[in-house]
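Listing of entry-v9.cif, mmCIF, C-alpha atoms and all ligand atoms
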data_input
loop_
_atom_site.label_atom_id
_atom_site.label_comp_id
_atom_site.auth_asym_id
_atom_site.auth_seq_id
_atom_site.Cartn_x
_atom_site.Cartn_y
_atom_site.Cartn_z
CA MET X 209 -17.41 25.41 -25.09
CA LYS X 210 -15.24 23.07 -22.98
CA ARG X 211 -11.77 22.52 -24.46
CA ILE X 212 -10.59 18.91 -24.30
CA LEU X 213 -7.26 17.24 -25.11
CA VAL X 214 -7.23 13.59 -26.16
CA CYS X 215 -3.74 12.02 -25.93
CA GLY X 216 -3.47 8.98 -28.18
CA ALA X 217 -6.15 10.41 -30.50
CA GLY X 218 -4.62 8.58 -33.46
CA GLY X 219 -5.16 5.22 -31.78
CA PHE X 220 -8.13 2.87 -31.66
CA ILE X 221 -9.99 4.00 -28.52
CA GLY X 222 -8.76 7.61 -28.78
CA SER X 223 -10.12 8.11 -32.29
CA HIS X 224 -13.55 6.72 -31.31
CA LEU X 225 -13.55 8.89 -28.18
CA VAL X 226 -12.78 12.03 -30.20
CA ARG X 227 -15.77 11.27 -32.44
CA ARG X 228 -18.02 10.91 -29.39
CA LEU X 229 -16.73 14.12 -27.75
CA LYS X 230 -17.30 16.05 -30.99
CA ALA X 231 -20.83 14.62 -31.25
CA GLU X 232 -21.43 15.94 -27.71
CA GLY X 233 -20.35 19.42 -28.80
CA PHE X 234 -16.92 19.86 -27.20
CA TRP X 235 -13.88 21.54 -28.76
CA VAL X 236 -11.27 18.78 -29.12
CA ARG X 237 -7.53 18.80 -29.71
CA GLY X 238 -5.99 15.42 -30.49
CA VAL X 239 -2.34 14.52 -30.15
CA ASP X 240 -0.54 11.39 -31.28
CA LEU X 241 2.60 10.19 -33.04
CA LYS X 242 0.35 9.49 -36.03
CA HIS X 243 -3.02 10.30 -37.56
CA PRO X 244 -5.76 7.67 -37.19
CA GLU X 245 -5.08 4.89 -39.67
CA PHE X 246 -8.56 4.16 -40.98
CA SER X 247 -10.48 7.46 -41.13
CA ALA X 248 -9.83 11.17 -40.66
CA SER X 249 -9.84 12.42 -37.06
CA ALA X 250 -12.96 14.27 -35.96
CA ALA X 251 -10.81 16.56 -33.78
CA ASP X 252 -10.90 20.36 -34.29
CA GLU X 253 -7.12 20.37 -34.10
CA PHE X 254 -4.77 17.39 -34.49
CA VAL X 255 -1.15 17.67 -33.40
CA VAL X 256 1.29 15.05 -34.62
CA GLY X 257 3.88 14.93 -31.86
CA ASP X 258 5.67 12.90 -29.22
CA LEU X 259 4.30 13.07 -25.68
CA ARG X 260 7.67 11.93 -24.34
CA GLU X 261 8.88 15.45 -25.19
CA PRO X 262 7.97 17.89 -22.37
CA GLY X 263 8.18 20.86 -24.77
CA LEU X 264 5.44 19.37 -26.96
CA VAL X 265 3.31 18.49 -23.94
CA HIS X 266 3.55 22.07 -22.57
CA GLU X 267 2.20 23.27 -25.94
CA VAL X 268 -0.71 20.86 -26.27
CA VAL X 269 -2.07 21.31 -22.72
CA LYS X 270 -2.37 25.11 -23.13
CA ASP X 271 -5.96 26.39 -22.60
CA ILE X 272 -7.23 22.86 -21.95
CA GLU X 273 -9.77 22.04 -19.23
CA GLU X 274 -9.88 18.24 -19.44
CA VAL X 275 -7.34 15.67 -20.62
CA TYR X 276 -8.15 12.12 -21.69
CA GLN X 277 -4.82 10.26 -21.56
CA LEU X 278 -4.93 7.16 -23.78
CA ALA X 279 -1.47 7.26 -25.34
CA ALA X 280 0.69 4.24 -24.54
CA ASP X 281 3.28 2.00 -26.12
CA MET X 282 1.07 -1.05 -26.37
CA GLY X 283 -0.19 -4.00 -28.37
CA GLY X 284 -1.68 -7.49 -28.00
CA ALA X 285 -0.01 -10.57 -26.49
CA GLY X 286 2.44 -10.74 -29.42
CA TYR X 287 3.80 -7.34 -28.36
CA ILE X 288 3.38 -7.29 -24.57
CA PHE X 289 4.28 -10.84 -23.52
CA THR X 290 7.39 -11.65 -25.56
CA GLY X 291 9.61 -9.56 -23.26
CA GLU X 292 11.32 -7.94 -26.25
CA HIS X 293 9.61 -4.57 -25.80
CA ASP X 294 9.64 -4.32 -21.98
CA ALA X 295 12.07 -1.42 -21.63
CA ASP X 296 10.31 0.61 -24.35
CA VAL X 297 6.85 -0.10 -22.94
CA MET X 298 7.85 0.99 -19.43
CA HIS X 299 9.97 3.97 -20.42
CA ASN X 300 7.70 5.36 -23.11
CA SER X 301 4.38 5.03 -21.32
CA ALA X 302 5.67 6.19 -17.92
CA THR X 303 7.29 9.24 -19.55
CA ILE X 304 4.04 10.11 -21.34
CA ASN X 305 2.11 9.96 -18.05
CA LEU X 306 4.72 11.90 -16.06
CA ASN X 307 4.78 14.65 -18.71
CA THR X 308 1.02 14.82 -19.19
CA LEU X 309 0.26 15.18 -15.50
CA GLU X 310 3.04 17.62 -14.66
CA CYS X 311 2.64 19.89 -17.70
CA GLY X 312 -1.15 19.69 -17.40
CA ARG X 313 -1.08 20.59 -13.73
CA GLN X 314 1.22 23.55 -14.40
CA ALA X 315 -1.10 24.75 -17.17
CA GLY X 316 -4.19 24.54 -14.92
CA VAL X 317 -5.89 21.46 -16.41
CA ARG X 318 -8.75 20.63 -14.05
CA LYS X 319 -9.49 17.00 -14.77
CA PHE X 320 -7.63 13.97 -16.15
CA PHE X 321 -8.94 10.63 -17.39
CA TYR X 322 -6.41 7.81 -17.30
CA SER X 323 -6.77 4.52 -19.18
CA SER X 324 -5.30 1.75 -17.05
CA SER X 325 -5.68 -1.94 -17.82
CA ALA X 326 -6.89 -5.29 -16.49
CA CYS X 327 -3.22 -6.29 -16.94
CA ILE X 328 -2.54 -4.77 -13.50
CA TYR X 329 -4.34 -7.67 -11.77
CA PRO X 330 -2.17 -10.26 -10.00
CA GLU X 331 -1.23 -13.33 -11.94
CA TYR X 332 -1.91 -15.52 -8.83
CA ASN X 333 -5.66 -14.72 -9.01
CA GLN X 334 -5.93 -15.66 -12.70
CA ARG X 335 -4.70 -19.25 -12.84
CA ASP X 336 -8.12 -20.91 -12.96
CA PRO X 337 -9.63 -20.17 -16.39
CA LYS X 338 -13.14 -20.74 -15.06
CA ASN X 339 -12.84 -18.61 -11.95
CA PRO X 340 -10.49 -15.61 -12.26
CA ARG X 341 -10.68 -12.86 -9.66
CA CYS X 342 -10.48 -9.28 -10.95
CA SER X 343 -12.40 -7.17 -8.45
CA GLU X 344 -10.78 -3.78 -8.05
CA GLU X 345 -9.48 -4.29 -4.50
CA SER X 346 -7.77 -7.56 -5.53
CA ALA X 347 -5.02 -5.57 -7.29
CA TYR X 348 -2.82 -5.80 -4.18
CA PRO X 349 -0.46 -7.42 -3.19
CA ALA X 350 0.58 -6.49 -6.72
CA ALA X 351 1.86 -9.15 -9.12
CA PRO X 352 1.01 -8.20 -12.73
CA ASP X 353 2.24 -10.74 -15.28
CA SER X 354 3.83 -8.16 -17.60
CA GLU X 355 5.91 -4.99 -17.43
CA TYR X 356 3.04 -3.34 -19.30
CA GLY X 357 0.85 -4.10 -16.26
CA TRP X 358 3.46 -2.79 -13.82
CA GLU X 359 3.71 0.50 -15.70
CA LYS X 360 -0.08 0.84 -15.68
CA LEU X 361 -0.15 0.23 -11.93
CA PHE X 362 2.61 2.80 -11.35
CA SER X 363 0.76 5.35 -13.47
CA GLU X 364 -2.58 4.71 -11.73
CA ARG X 365 -0.80 5.57 -8.49
CA LEU X 366 0.80 8.61 -10.11
CA TYR X 367 -2.63 10.02 -11.10
CA LEU X 368 -4.02 9.29 -7.63
CA ALA X 369 -0.97 10.95 -6.00
CA TYR X 370 -1.46 14.10 -8.12
CA HIS X 371 -5.08 14.07 -7.00
CA ARG X 372 -4.09 13.90 -3.32
CA ASN X 373 -1.14 16.28 -3.40
CA TRP X 374 -2.08 18.78 -6.10
CA GLY X 375 -5.87 18.66 -5.90
CA VAL X 376 -6.37 17.86 -9.61
CA ASP X 377 -9.46 15.80 -10.35
CA VAL X 378 -8.69 12.37 -11.86
CA ARG X 379 -10.64 9.38 -13.12
CA VAL X 380 -8.97 5.98 -13.54
CA ALA X 381 -10.50 3.13 -15.56
CA ARG X 382 -9.10 -0.39 -16.01
CA PHE X 383 -10.04 -1.50 -19.52
CA HIS X 384 -10.55 -5.20 -20.25
CA ASN X 385 -9.86 -6.12 -23.92
CA ILE X 386 -11.63 -3.46 -25.96
CA PHE X 387 -12.34 -4.35 -29.59
CA GLY X 388 -14.20 -3.05 -32.62
CA PRO X 389 -13.89 -1.58 -36.10
CA GLU X 390 -10.87 0.63 -36.80
CA GLY X 391 -8.69 -1.27 -34.35
CA THR X 392 -5.30 -2.69 -35.32
CA TRP X 393 -6.00 -5.93 -37.22
CA THR X 394 -2.59 -6.90 -38.61
CA GLY X 395 1.12 -6.16 -38.18
CA GLY X 396 1.90 -7.73 -34.77
CA ARG X 397 0.14 -5.39 -32.32
CA GLU X 398 -3.38 -6.69 -32.98
CA LYS X 399 -5.36 -8.35 -30.17
CA ALA X 400 -7.21 -11.68 -30.16
CA PRO X 401 -10.63 -10.61 -31.59
CA ALA X 402 -9.14 -8.72 -34.55
CA ALA X 403 -6.43 -11.35 -35.12
CA LEU X 404 -9.02 -14.16 -35.18
CA CYS X 405 -11.36 -12.16 -37.43
CA ARG X 406 -8.45 -11.68 -39.84
CA LYS X 407 -7.36 -15.34 -39.78
CA ILE X 408 -10.94 -16.51 -40.32
CA ALA X 409 -11.62 -13.95 -43.06
CA GLU X 410 -8.42 -15.03 -44.84
CA ALA X 411 -9.07 -18.78 -44.56
CA SER X 412 -10.79 -20.64 -47.34
CA ASP X 413 -13.28 -23.33 -46.34
CA SER X 414 -12.09 -26.46 -44.50
CA ARG X 415 -8.70 -24.91 -43.69
CA GLU X 416 -7.36 -24.44 -40.14
CA VAL X 417 -6.80 -21.30 -38.10
CA GLU X 418 -3.89 -21.13 -35.67
CA ILE X 419 -4.43 -20.31 -32.00
CA TRP X 420 -1.66 -19.65 -29.47
CA GLY X 421 -1.73 -22.19 -26.61
CA ASP X 422 -4.50 -24.74 -26.01
CA GLY X 423 -7.25 -22.15 -26.52
CA LEU X 424 -8.73 -22.94 -23.10
CA GLN X 425 -7.51 -19.63 -21.67
CA THR X 426 -10.46 -17.33 -20.97
CA ARG X 427 -11.06 -13.61 -21.44
CA SER X 428 -13.92 -11.15 -21.81
CA PHE X 429 -14.14 -8.59 -24.61
CA LEU X 430 -15.88 -5.22 -24.59
CA TYR X 431 -17.10 -3.57 -27.77
CA ILE X 432 -15.77 -0.04 -28.30
CA ASP X 433 -19.13 1.73 -27.88
CA GLY X 434 -19.49 0.37 -24.33
CA CYS X 435 -15.97 1.53 -23.52
CA VAL X 436 -16.56 5.09 -24.76
CA GLU X 437 -19.88 5.23 -22.90
CA ALA X 438 -18.14 4.12 -19.69
CA ILE X 439 -15.41 6.76 -20.10
CA ARG X 440 -17.99 9.53 -20.45
CA ARG X 441 -20.10 8.26 -17.55
CA LEU X 442 -17.05 7.99 -15.29
CA MET X 443 -15.94 11.52 -16.18
CA ALA X 444 -19.42 12.85 -15.43
CA SER X 445 -19.57 11.03 -12.08
CA ASP X 446 -17.93 11.95 -8.78
CA PHE X 447 -16.11 8.59 -8.61
CA THR X 448 -12.32 8.65 -8.98
CA GLY X 449 -11.85 4.89 -9.47
CA PRO X 450 -9.91 2.82 -10.31
CA VAL X 451 -12.85 0.95 -11.80
CA ASN X 452 -13.14 -1.96 -14.24
CA VAL X 453 -14.47 -1.14 -17.69
CA GLY X 454 -15.16 -4.47 -19.31
CA SER X 455 -17.64 -7.17 -20.17
CA GLU X 456 -18.55 -9.99 -17.80
CA GLU X 457 -19.28 -12.38 -20.72
CA MET X 458 -16.25 -14.64 -20.30
CA ILE X 459 -15.32 -16.96 -23.17
CA SER X 460 -12.40 -19.26 -24.00
CA ILE X 461 -10.23 -18.36 -26.98
CA ASN X 462 -11.42 -21.57 -28.70
CA GLY X 463 -15.00 -20.39 -28.01
CA LEU X 464 -14.21 -16.96 -29.44
CA ALA X 465 -12.83 -18.56 -32.60
CA ARG X 466 -15.94 -20.75 -32.95
CA LEU X 467 -18.22 -17.75 -32.47
CA ILE X 468 -16.41 -15.77 -35.17
CA MET X 469 -16.52 -18.79 -37.52
CA ASP X 470 -20.25 -18.96 -36.95
CA ILE X 471 -20.63 -15.26 -37.77
CA ALA X 472 -18.45 -15.74 -40.88
CA GLY X 473 -20.39 -18.84 -41.94
CA LYS X 474 -17.14 -20.84 -42.13
CA ASN X 475 -16.47 -24.23 -40.60
CA LEU X 476 -12.72 -24.29 -40.04
CA GLY X 477 -10.42 -26.43 -37.94
CA ILE X 478 -8.30 -25.07 -35.10
CA ARG X 479 -4.57 -25.78 -34.80
CA HIS X 480 -2.94 -24.99 -31.47
CA ILE X 481 0.59 -23.66 -31.70
CA PRO X 482 3.05 -22.29 -29.11
CA GLY X 483 2.88 -18.53 -28.58
CA PRO X 484 2.80 -15.74 -25.97
CA LEU X 485 -0.28 -16.16 -23.78
CA GLY X 486 -0.66 -14.00 -20.67
CA VAL X 487 -2.77 -15.17 -17.73
CA ARG X 488 -4.86 -18.37 -17.84
CA GLY X 489 -8.20 -16.69 -17.15
CA ARG X 490 -9.52 -13.13 -16.90
CA ASN X 491 -12.95 -11.59 -16.64
CA SER X 492 -14.26 -8.17 -15.73
CA ASP X 493 -15.97 -7.84 -12.34
CA ASN X 494 -18.61 -5.13 -12.77
CA GLN X 495 -19.97 -4.91 -9.25
CA LEU X 496 -18.17 -1.67 -8.44
CA ILE X 497 -19.06 0.14 -11.68
CA ARG X 498 -22.71 -0.88 -11.15
CA GLU X 499 -22.64 0.42 -7.58
CA ARG X 500 -20.90 3.71 -8.33
CA LEU X 501 -22.25 4.62 -11.78
CA GLY X 502 -25.57 2.76 -11.62
CA TRP X 503 -24.65 1.28 -14.99
CA ALA X 504 -22.39 -1.34 -16.58
CA PRO X 505 -21.72 -2.40 -20.17
CA ASP X 506 -24.19 -5.17 -21.04
CA ARG X 507 -24.35 -5.68 -24.81
CA PRO X 508 -23.78 -9.28 -26.00
CA LEU X 509 -20.33 -10.17 -27.34
CA ARG X 510 -21.81 -11.54 -30.54
CA GLU X 511 -23.32 -8.17 -31.47
CA GLY X 512 -19.94 -6.39 -31.38
CA LEU X 513 -18.15 -9.29 -33.07
CA GLU X 514 -20.56 -9.18 -36.02
CA LYS X 515 -19.69 -5.54 -36.69
CA THR X 516 -15.98 -6.16 -36.14
CA TYR X 517 -15.86 -9.23 -38.39
CA ASP X 518 -17.56 -7.31 -41.21
CA TRP X 519 -15.04 -4.50 -40.88
CA VAL X 520 -11.95 -6.77 -40.68
CA ALA X 521 -13.22 -8.89 -43.59
CA ALA X 522 -13.57 -5.70 -45.67
CA GLN X 523 -9.96 -4.74 -44.77
CA VAL X 524 -8.74 -8.20 -45.80
CA ALA X 525 -10.65 -7.98 -49.09
CA ALA X 526 -9.31 -4.47 -49.79
CA SER X 527 -5.71 -5.51 -49.03
CA ARG X 528 -6.08 -8.40 -51.49
CA ALA X 529 -7.70 -6.23 -54.14
CA ILE X 530 -4.80 -3.74 -54.37
CA PRO X 531 -2.22 -5.96 -56.16
CA VAL X 532 -4.93 -7.25 -58.52
CA ALA X 533 -5.95 -3.72 -59.41
CA ILE X 534 -2.33 -2.76 -60.08
CA ALA X 535 -1.81 -5.87 -62.20
CA SER X 536 -4.88 -5.34 -64.37
P1 LIG K 601 -3.61 2.19 -29.55
O1 LIG K 601 -2.23 1.61 -29.61
O2 LIG K 601 -4.51 2.04 -30.72
O3 LIG K 601 -3.53 3.74 -29.17
C1 LIG K 601 -2.47 4.29 -28.42
C2 LIG K 601 -1.95 5.47 -29.19
O4 LIG K 601 -0.90 6.10 -28.43
C3 LIG K 601 -1.34 5.10 -30.55
O5 LIG K 601 -2.03 5.76 -31.60
C4 LIG K 601 0.09 5.58 -30.44
O6 LIG K 601 0.61 6.12 -31.65
C5 LIG K 601 0.00 6.63 -29.37
N1 LIG K 601 1.29 6.89 -28.76
C6 LIG K 601 2.19 5.97 -28.33
N2 LIG K 601 3.31 6.58 -27.91
C7 LIG K 601 3.10 7.92 -28.09
C8 LIG K 601 3.90 9.06 -27.85
N3 LIG K 601 5.14 8.95 -27.35
N4 LIG K 601 3.39 10.29 -28.14
C9 LIG K 601 2.14 10.40 -28.66
N5 LIG K 601 1.34 9.36 -28.92
C10 LIG K 601 1.83 8.12 -28.63
O7 LIG K 601 -4.28 1.57 -28.23
P2 LIG K 601 -5.80 1.59 -27.76
O8 LIG K 601 -6.30 0.20 -27.88
O9 LIG K 601 -6.53 2.70 -28.39
O10 LIG K 601 -5.60 1.88 -26.20
C11 LIG K 601 -5.74 3.17 -25.64
C12 LIG K 601 -5.33 3.13 -24.18
O11 LIG K 601 -6.13 2.18 -23.47
C13 LIG K 601 -3.88 2.70 -23.95
O12 LIG K 601 -3.35 3.45 -22.88
C14 LIG K 601 -3.99 1.26 -23.57
O13 LIG K 601 -2.90 0.85 -22.78
C15 LIG K 601 -5.29 1.26 -22.80
N6 LIG K 601 -5.92 -0.07 -22.82
C16 LIG K 601 -6.42 -0.59 -23.98
C17 LIG K 601 -6.99 -1.84 -23.97
C18 LIG K 601 -7.56 -2.44 -25.23
O14 LIG K 601 -8.07 -3.58 -25.17
N7 LIG K 601 -7.54 -1.77 -26.37
C19 LIG K 601 -7.06 -2.59 -22.78
C20 LIG K 601 -6.53 -2.05 -21.63
C21 LIG K 601 -5.97 -0.77 -21.65
#

Show how you would write the structure in this file as structure tokens.
Amino acid sequence: MKRILVCGAGGFIGSHLVRRLKAEGFWVRGVDLKHPEFSASAADEFVVGDLREPGLVHEVVKDIEEVYQLAADMGGAGYIFTGEHDADVMHNSATINLNTLECGRQAGVRKFFYSSSACIYPEYNQRDPKNPRCSEESAYPAAPDSEYGWEKLFSERLYLAYHRNWGVDVRVARFHNIFGPEGTWTGGREKAPAALCRKIAEASDSREVEIWGDGLQTRSFLYIDGCVEAIRRLMASDFTGPVNVGSEEMISINGLARLIMDIAGKNLGIRHIPGPLGVRGRNSDNQLIRERLGWAPDRPLREGLEKTYDWVAAQVAASRAIPVAIAS
């Protein structure tokens, strides 16, 4: 049975990926600073540890054939774009990638998956919210709009350099806004879909929800199942990447809020307030993934949002129920 290590197995995508790998019959070791927050890990072995520590990394890569590296110091716009966490984001994530590759190579790991991000794309191609350019080759000349994006670009190159110089097999995917149940939904690191689901679930009728900026900024959002499917297909293919893993169904943030309100059956107002924003427009370009994998994620946004809204609304209800239960 193939032995797999998932780094970041306590996180959103990592915990879903572990479940999928177990369902496919692999032996899985997970490693993370923390256990998954919302359900027990499906991993055969779960190591709570810090991948910035080479000693820990040497231990967890032992007897492993494939590594899926998803650990990163990350969050939504409220974490990445304020500038307050730049040094941590760059230092922590780069150290994790340097350790994982070097210790893995020394231990004889044959194949690495690396989760890069759409945040590597140049800001100058994403100023028109209706017409952003995010095809893979447009990454250079490089000009990401955040230090998070710069670290991802550095680490992409690190994986590709290990492939060239050390002969290890690597796969690099650039994720575009992945969302779904069991993702962070409160606390400051949550992303737009979960944050809006929470605000709308919390709002009573005829109230307003707050949106950062004018809400005309555009993005696309990929439901978690499509992301995990893409990871597995890329690993099974002979294509190194980097390749976009995202949805091409672009929507404005105002449009996303309206869609979630429709799902929730609530007619709320929108109040625009200042806040960290990121680029003006971004969409996945799936031409390359279609060409190289003969497949691309294609489920409608609404379908994933319905499942995510139900899950976030249940979290909101449960968090409200606790004090009542204690009081009664
Ligand atoms: P997440 O924050 O839920 O998961 C990342 C995990 O890494 C966390 O559980 C965290 O505890 C762990 N981690 C951080 N530092 C660590 C350390 N020093 N040692 C061990 N574990 C550590 O994020 P996610 O949404 O699951 O994202 C997974 C990967 O995909 C990340 O690399 C992220 O940058 C990338 N990505 C995600 C998205 C998205 O929309 N979710 C988009 C682009 C790229």

Using all atoms listed in the file, tabulate the residues of chain X lying at most 6 Å from any atom of ligand LIG 601 (chain K), each with its closest atom pair and that distance in Å to one decimal, by chain and increasing residue number, as JSON lines.
{"residue": "X:Gly216", "atom": "CA", "partner": "K:LIG601", "partner_atom": "O4", "distance": 3.9}
{"residue": "X:Gly218", "atom": "CA", "partner": "K:LIG601", "partner_atom": "O5", "distance": 4.3}
{"residue": "X:Gly219", "atom": "CA", "partner": "K:LIG601", "partner_atom": "O5", "distance": 3.2}
{"residue": "X:Phe220", "atom": "CA", "partner": "K:LIG601", "partner_atom": "O9", "distance": 3.6}
{"residue": "X:Ile221", "atom": "CA", "partner": "K:LIG601", "partner_atom": "O9", "distance": 3.7}
{"residue": "X:Gly222", "atom": "CA", "partner": "K:LIG601", "partner_atom": "O9", "distance": 5.4}
{"residue": "X:Asp240", "atom": "CA", "partner": "K:LIG601", "partner_atom": "N5", "distance": 3.6}
{"residue": "X:Leu241", "atom": "CA", "partner": "K:LIG601", "partner_atom": "N5", "distance": 4.4}
{"residue": "X:Lys242", "atom": "CA", "partner": "K:LIG601", "partner_atom": "O6", "distance": 5.5}
{"residue": "X:Gly257", "atom": "CA", "partner": "K:LIG601", "partner_atom": "C9", "distance": 5.8}
{"residue": "X:Asp258", "atom": "CA", "partner": "K:LIG601", "partner_atom": "N4", "distance": 3.6}
{"residue": "X:Leu259", "atom": "CA", "partner": "K:LIG601", "partner_atom": "N4", "distance": 3.8}
{"residue": "X:Arg260", "atom": "CA", "partner": "K:LIG601", "partner_atom": "N3", "distance": 4.9}
{"residue": "X:Leu278", "atom": "CA", "partner": "K:LIG601", "partner_atom": "C12", "distance": 4.1}
{"residue": "X:Ala279", "atom": "CA", "partner": "K:LIG601", "partner_atom": "O4", "distance": 3.3}
{"residue": "X:Ala280", "atom": "CA", "partner": "K:LIG601", "partner_atom": "C6", "distance": 4.4}
{"residue": "X:Asp281", "atom": "CA", "partner": "K:LIG601", "partner_atom": "C6", "distance": 4.7}
{"residue": "X:Met282", "atom": "CA", "partner": "K:LIG601", "partner_atom": "O1", "distance": 5.3}
{"residue": "X:Ser323", "atom": "CA", "partner": "K:LIG601", "partner_atom": "O11", "distance": 4.9}
{"residue": "X:Ser324", "atom": "CA", "partner": "K:LIG601", "partner_atom": "C21", "distance": 5.3}
{"residue": "X:Ser325", "atom": "CA", "partner": "K:LIG601", "partner_atom": "C20", "distance": 3.9}
{"residue": "X:Phe383", "atom": "CA", "partner": "K:LIG601", "partner_atom": "C20", "distance": 4.1}
{"residue": "X:His384", "atom": "CA", "partner": "K:LIG601", "partner_atom": "C19", "distance": 5.0}
{"residue": "X:Asn385", "atom": "CA", "partner": "K:LIG601", "partner_atom": "O14", "distance": 3.3}
{"residue": "X:Ile386", "atom": "CA", "partner": "K:LIG601", "partner_atom": "O14", "distance": 3.6}

Can I get the selection written as a PDB file, keeping the file's coordinate frame, with C-alpha atoms?
ATOM      1  CA  GLY X 216      -3.470   8.980 -28.180  1.00  0.00           C
ATOM      2  CA  GLY X 218      -4.620   8.580 -33.460  1.00  0.00           C
ATOM      3  CA  GLY X 219      -5.160   5.220 -31.780  1.00  0.00           C
ATOM      4  CA  PHE X 220      -8.130   2.870 -31.660  1.00  0.00           C
ATOM      5  CA  ILE X 221      -9.990   4.000 -28.520  1.00  0.00           C
ATOM      6  CA  GLY X 222      -8.760   7.610 -28.780  1.00  0.00           C
ATOM      7  CA  ASP X 240      -0.540  11.390 -31.280  1.00  0.00           C
ATOM      8  CA  LEU X 241       2.600  10.190 -33.040  1.00  0.00           C
ATOM      9  CA  LYS X 242       0.350   9.490 -36.030  1.00  0.00           C
ATOM     10  CA  GLY X 257       3.880  14.930 -31.860  1.00  0.00           C
ATOM     11  CA  ASP X 258       5.670  12.900 -29.220  1.00  0.00           C
ATOM     12  CA  LEU X 259       4.300  13.070 -25.680  1.00  0.00           C
ATOM     13  CA  ARG X 260       7.670  11.930 -24.340  1.00  0.00           C
ATOM     14  CA  LEU X 278      -4.930   7.160 -23.780  1.00  0.00           C
ATOM     15  CA  ALA X 279      -1.470   7.260 -25.340  1.00  0.00           C
ATOM     16  CA  ALA X 280       0.690   4.240 -24.540  1.00  0.00           C
ATOM     17  CA  ASP X 281       3.280   2.000 -26.120  1.00  0.00           C
ATOM     18  CA  MET X 282       1.070  -1.050 -26.370  1.00  0.00           C
ATOM     19  CA  SER X 323      -6.770   4.520 -19.180  1.00  0.00           C
ATOM     20  CA  SER X 324      -5.300   1.750 -17.050  1.00  0.00           C
ATOM     21  CA  SER X 325      -5.680  -1.940 -17.820  1.00  0.00           C
ATOM     22  CA  PHE X 383     -10.040  -1.500 -19.520  1.00  0.00           C
ATOM     23  CA  HIS X 384     -10.550  -5.200 -20.250  1.00  0.00           C
ATOM     24  CA  ASN X 385      -9.860  -6.120 -23.920  1.00  0.00           C
ATOM     25  CA  ILE X 386     -11.630  -3.460 -25.960  1.00  0.00           C
TER      26      ILE X 386
END

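Atom pair atom CA of His293 of chain X / atom CA of Arg397 of chain X: separated by 11.5 Å.
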
Cut-off 8 Å: closest segment 395-478 of chain X/segment 340-352 of chain X atom pairs per residue, using all atoms listed in the file, as a tab-separated table:
residue	atom	partner	partner_atom	distance
X:Pro450	CA	X:Glu344	CA	7.0
X:Val451	CA	X:Glu344	CA	6.4
X:Asn452	CA	X:Glu344	CA	6.9

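Atom pair atom CA of Ile471 of chain X / atom CA of Ala526 of chain X: separated by 19.7 Å.
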
For the point (-3.5, -5.1, -36.3) in the file's frame, write as a ChimeraX atom specification all residues with an atom no more than 12 Å away, counting all atoms listed in the file.
-> /X:219-220,245-246,282-287,387-407,520,523-524

Write out as a list in words which residues come within 12 Å of Asp506 of chain X when counting only C-alpha atoms, dropping same-chain ones fewer than 3 positions away.
-> Ser428, Phe429, Leu430, Tyr431, Asp433, Gly434, Cys435, Glu437, Ala438, Val453, Gly454, Ser455, Glu456, Glu457, Ser492, Asn494, Ile497, Arg498, Trp503, Leu509, Arg510, Glu511 and Gly512 of chain X

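Between Cys215 of chain X and the residues X:Asp493, X:Glu292, X:Glu274, X:Glu331, the shortest atom-to-atom distance, using all atoms listed in the file, involves X:Glu274.
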
Using only C-alpha atoms, which residue out of X:Gly316, X:Gly489, X:Gly238, X:Pro508 lies closest to Gln425 of chain X?
-> X:Gly489

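Interatomic distance, atom CA of Lys515 of chain X to atom CA of Lys474 of chain X: 16.4 Å.
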
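Among X:Leu229, X:Leu361, X:Leu496, X:Ile481, the residue with the shortest atom-to-atom distance to Pro330 of chain X, counting all atoms listed in the file, is X:Leu361.
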
Using only C-alpha atoms, the shortest atom-to-atom distance to Leu368 of chain X among X:Gly291, X:Gly312, X:Gly449, X:Gly421 belongs to X:Gly449

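The residue that comes closest to Ile468 of chain X, out of X:Ile419, X:Val487, X:Ile408, X:Val297 and on the basis of all atoms listed in the file, is X:Ile408.
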
Can you pull out every residue within 7 Å of Ala251 of chain X, counting all atoms listed in the file, but drop anything in the same chain fewer than 2 positions away, and send it as number ranges by chain?
-> X: 226, 236-238, 249, 253-254

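Restricting the calculation to all atoms listed in the file, the smallest distance between Ala409 of chain X and any of X:Met209, X:Ile272, X:Leu306, X:Ala472 is found for X:Ala472.
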
Could you name the residues that touch His480 of chain X at 9 Å or less, counting only C-alpha atoms, but leaving out those on the same chain fewer than 3 positions away, as a PyMOL selection string?
-> chain X and resi 417-423

Taking (-14.1, -23.0, -28.8) in the file's coordinates, which residues come within 12 Å, counting only C-alpha atoms, written as an MDAnalysis selection string?
-> chainID X and resid 417 419 422:426 459:470 476:480

If you count only C-alpha atoms, which residues fall within 9 Å of Glu273 of chain X, apart from same-chain ones fewer than 3 positions away, as number ranges by chain?
-> X: 210-213, 269-270, 316-320

Nearby residues (only C-alpha atoms) at most 9 Å from Ser354 of chain X, same-chain spacing under 5 positions excluded, as a list in words | Ile288, Phe289, Gly291, Asp294, Cys327, Ile328, Glu359 and Gly486 of chain X
